[in-house]
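*Asks:* Contents of entry_37.cif (mmCIF, C-alpha atoms) are given next:
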data_model
loop_
_atom_site.label_atom_id
_atom_site.label_comp_id
_atom_site.auth_asym_id
_atom_site.auth_seq_id
_atom_site.Cartn_x
_atom_site.Cartn_y
_atom_site.Cartn_z
CA MET A 1 32.90 55.02 62.02
CA THR A 2 34.34 58.47 61.67
CA GLY A 3 32.24 61.53 60.88
CA GLU A 4 33.26 61.66 57.24
CA THR A 5 31.04 60.60 54.38
CA GLY A 6 32.72 57.67 52.68
CA SER A 7 34.80 56.72 55.70
CA GLY A 8 35.43 53.12 56.71
CA ASP A 9 33.72 51.11 59.41
CA ASP A 10 35.40 48.00 60.81
CA ARG A 11 32.07 46.48 61.87
CA ILE A 12 30.76 46.64 58.29
CA GLY A 13 34.02 45.34 56.77
CA GLU A 14 34.20 42.37 59.14
CA ALA A 15 30.67 41.24 58.28
CA GLY A 16 31.83 39.71 55.01
CA SER A 17 32.75 40.67 51.52
CA ALA A 18 29.14 41.00 50.29
CA ILE A 19 28.28 43.49 53.01
CA ALA A 20 31.61 45.28 52.53
CA GLN A 21 30.82 45.59 48.81
CA LYS A 22 27.35 46.99 49.58
CA ALA A 23 28.89 49.47 52.03
CA ARG A 24 31.35 50.59 49.34
CA ILE A 25 28.51 51.08 46.85
CA ALA A 26 26.44 53.01 49.39
CA ARG A 27 29.38 55.25 50.34
CA GLN A 28 30.07 55.98 46.65
CA PHE A 29 26.38 56.78 46.15
CA ILE A 30 26.38 59.20 49.09
CA ALA A 31 29.69 60.79 48.05
CA ALA A 32 28.41 61.35 44.49
CA ILE A 33 25.55 63.55 45.73
CA PRO A 34 26.93 67.03 46.53
CA PHE A 35 24.24 67.94 49.07
CA SER A 36 24.96 64.72 51.00
CA GLY A 37 28.41 66.11 51.70
CA ALA A 38 26.97 69.53 52.48
CA LEU A 39 24.64 67.89 55.02
CA ASP A 40 27.54 65.81 56.41
CA MET A 41 25.62 62.54 55.93
CA ARG A 42 27.24 59.46 57.41
CA LEU A 43 26.53 55.82 56.58
CA GLU A 44 25.73 54.01 59.83
CA GLU A 45 24.53 50.60 58.63
CA ILE A 46 24.05 48.76 55.36
CA GLY A 47 22.57 45.37 54.52
CA ASP A 48 20.43 43.59 51.97
CA GLY A 49 17.99 46.31 51.00
CA ILE A 50 18.50 48.21 54.26
CA ALA A 51 20.41 51.42 54.92
CA THR A 52 20.81 53.70 57.92
CA ILE A 53 22.28 57.17 57.39
CA SER A 54 22.58 60.07 59.82
CA MET A 55 23.40 63.76 59.74
CA PRO A 56 24.29 66.15 62.54
CA TRP A 57 22.20 69.11 63.56
CA SER A 58 23.69 72.26 62.06
CA GLU A 59 22.81 75.90 62.54
CA ALA A 60 23.09 76.27 58.76
CA LEU A 61 20.16 73.82 58.36
CA VAL A 62 17.79 75.51 60.80
CA GLY A 63 14.42 76.34 59.27
CA ASP A 64 13.14 78.47 62.15
CA PRO A 65 15.76 80.63 63.89
CA LYS A 66 13.41 81.22 66.84
CA THR A 67 13.24 77.52 67.74
CA GLY A 68 16.45 76.13 66.23
CA VAL A 69 14.48 73.32 64.54
CA ILE A 70 16.13 71.82 61.48
CA HIS A 71 14.38 72.50 58.16
CA GLY A 72 12.11 69.75 56.84
CA GLY A 73 13.95 69.87 53.52
CA ALA A 74 17.12 68.62 55.21
CA VAL A 75 15.16 65.74 56.76
CA SER A 76 13.63 65.03 53.35
CA ALA A 77 17.07 64.94 51.70
CA LEU A 78 18.32 62.53 54.37
CA MET A 79 15.36 60.19 53.90
CA ASP A 80 15.62 60.34 50.11
CA THR A 81 19.33 59.52 50.14
CA CYS A 82 18.77 56.72 52.64
CA GLY A 83 16.00 55.26 50.46
CA GLY A 84 18.25 55.33 47.40
CA ALA A 85 21.05 53.61 49.30
CA ALA A 86 18.65 50.87 50.43
CA VAL A 87 17.61 50.26 46.81
CA MET A 88 21.21 50.14 45.59
CA CYS A 89 22.06 47.56 48.24
CA HIS A 90 19.11 45.29 47.50
CA PRO A 91 20.11 41.63 46.89
CA GLU A 92 19.24 41.89 43.21
CA ALA A 93 22.50 43.86 42.78
CA LEU A 94 21.00 46.91 41.16
CA ALA A 95 23.30 49.25 39.27
CA GLY A 96 21.68 52.57 40.10
CA THR A 97 18.49 54.35 41.07
CA ALA A 98 16.63 57.65 41.05
CA THR A 99 13.63 58.81 43.04
CA ILE A 100 10.28 58.54 41.27
CA ASP A 101 8.07 59.50 44.20
CA LEU A 102 8.68 60.15 47.89
CA ARG A 103 5.91 60.86 50.38
CA ILE A 104 7.02 62.14 53.76
CA ASP A 105 4.83 62.51 56.81
CA TYR A 106 6.40 64.88 59.34
CA MET A 107 5.33 63.73 62.80
CA ARG A 108 7.12 66.23 65.02
CA ALA A 109 9.95 68.74 64.99
CA ALA A 110 13.39 67.27 65.51
CA THR A 111 14.98 68.35 68.78
CA PRO A 112 17.45 71.21 68.16
CA GLY A 113 21.08 70.19 68.56
CA GLN A 114 20.47 66.46 68.06
CA ARG A 115 21.72 64.19 65.26
CA ILE A 116 18.98 62.91 62.95
CA THR A 117 19.10 59.32 61.74
CA ALA A 118 17.09 57.70 58.95
CA ARG A 119 16.63 54.01 58.27
CA ALA A 120 15.17 52.80 54.97
CA GLU A 121 14.13 49.36 53.80
CA CYS A 122 13.66 48.39 50.17
CA TYR A 123 10.88 45.87 50.68
CA HIS A 124 9.76 45.08 47.10
CA VAL A 125 11.38 45.25 43.68
CA THR A 126 9.73 44.82 40.29
CA ARG A 127 11.41 44.87 36.89
CA SER A 128 11.54 48.66 36.86
CA VAL A 129 10.49 50.02 40.28
CA ALA A 130 11.72 49.53 43.85
CA PHE A 131 9.51 50.34 46.84
CA VAL A 132 10.91 51.76 50.08
CA ARG A 133 9.73 52.54 53.61
CA ALA A 134 11.76 54.85 55.83
CA GLU A 135 11.71 56.45 59.25
CA ALA A 136 13.75 59.29 60.77
CA TRP A 137 14.34 60.11 64.43
CA ASP A 138 16.58 62.17 66.68
CA GLU A 139 17.97 60.90 70.00
CA ASP A 140 14.47 59.72 70.98
CA ARG A 141 14.00 56.77 68.62
CA THR A 142 10.62 55.96 70.19
CA ARG A 143 9.16 59.18 68.74
CA PRO A 144 9.85 59.41 64.99
CA VAL A 145 10.45 62.79 63.41
CA ALA A 146 9.14 61.59 60.03
CA ALA A 147 8.03 58.52 58.11
CA ALA A 148 8.26 58.05 54.35
CA THR A 149 7.26 55.74 51.55
CA GLY A 150 8.79 55.96 48.14
CA ALA A 151 9.21 54.50 44.70
CA PHE A 152 12.62 54.47 43.00
CA THR A 153 13.76 53.49 39.53
CA VAL A 154 15.49 50.16 39.09
CA GLU A 155 18.58 50.22 36.91
CA ARG A 156 20.00 46.78 36.42
CA PRO A 157 23.61 46.08 35.47
CA ALA A 158 24.12 45.92 31.71
CA PRO A 159 24.46 42.36 30.42
CA GLU A 160 27.93 41.42 29.30
CA ALA A 161 28.48 41.77 25.57
CA LYS A 162 28.32 38.48 23.66
CA ARG A 163 31.36 37.55 21.64
#
Starting from the coordinates I provided, produce the structure as structure tokens.

*Replies:*
Amino acid sequence: MTGETGSGDDRIGEAGSAIAQKARIARQFIAAIPFSGALDMRLEEIGDGIATISMPWSEALVGDPKTGVIHGGAVSALMDTCGGAAVMCHPEALAGTATIDLRIDYMRAATPGQRITARAECYHVTRSVAFVRAEAWDEDRTRPVAAATGAFTVERPAPEAKR
């Protein structure tokens, strides 16, 4: 996959039309959020209720100039976007979503200069709420940077008009 948000990935496209459709939806979702572009978010993986999105370290996102550590707000935005993408790609073919609640536990500072990756799983959906778990890490995946749980709205596709 290239470094652009909304770019294509042959591995995703070859996995079948359903996954390709979910990838298209997720890319559109990411592209529609201006700060996702500003953070240079990139879709890495998509599946039934699962999304992985990454963003590069950037000096513009540093929260502490003395250490070069990326600001927690950028990590939060990454995890929130990843959670929303996981909801939108859930097998129930949801039409859209918005964050209701997102709790993030910061476990350690991300290593300066390293790409941060988040993976979210939409593990339960009710009529109106989807529940998500997420984790973020830098190059050391064995030591998470943050973990999150969240609730997102469930917007279902409008039923077709009866004739």

*Asks:* Determine the residue set returned by the PyMOL selection byres ((chain A and resi 128) around 6) for the present structure, and present it as a ChimeraX atom specification.

*Replies:* /A:126-127,129,153-154

*Asks:* Assuming the chain letters and numbering stay as they are in my file, what does the PyMOL selection byres ((chain A and resi 81) around 9) actually select? List them as a VMD selection string.

*Replies:* chain A and resid 29 to 30 33 36 53 76 to 80 82 to 86

*Asks:* Show which residues sit within 7 Å of stretch 43-45 of chain A, as a tab-separated table (two decimals) with C-alpha atoms, in the coordinates of the input. Count all atoms listed in the file, and ignore same-chain residues fewer than 3 positions away.

*Replies:*
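Generated output (out.tsv):
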chain	number	residue	atom	x	y	z
A	5	THR	CA	31.04	60.60	54.38
A	27	ARG	CA	29.38	55.25	50.34
A	51	ALA	CA	20.41	51.42	54.92
A	52	THR	CA	20.81	53.70	57.92
A	53	ILE	CA	22.28	57.17	57.39
A	54	SER	CA	22.58	60.07	59.82

*Asks:* Of the candidates A:Gln114, A:Thr97, A:Tyr106, A:Gln28, which one gets nearest to A:Ala148 if we count all atoms listed in the file?

*Replies:* A:Tyr106

*Asks:* Find, counting only C-alpha atoms, the residue in A:Glu139, A:Asp48, A:Glu92, A:Asp40 that gets nearest to A:Ile116.

*Replies:*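 Closest to A:Ile116 of all the choices is A:Glu139.
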
*Asks:* So how many Å separate atom CA of A:Gly37 and atom CA of A:Ala158, to one decimal?

*Replies:*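 Spanning atom CA of A:Gly37 to atom CA of A:Ala158 is a straight-line distance of 28.7 Å.
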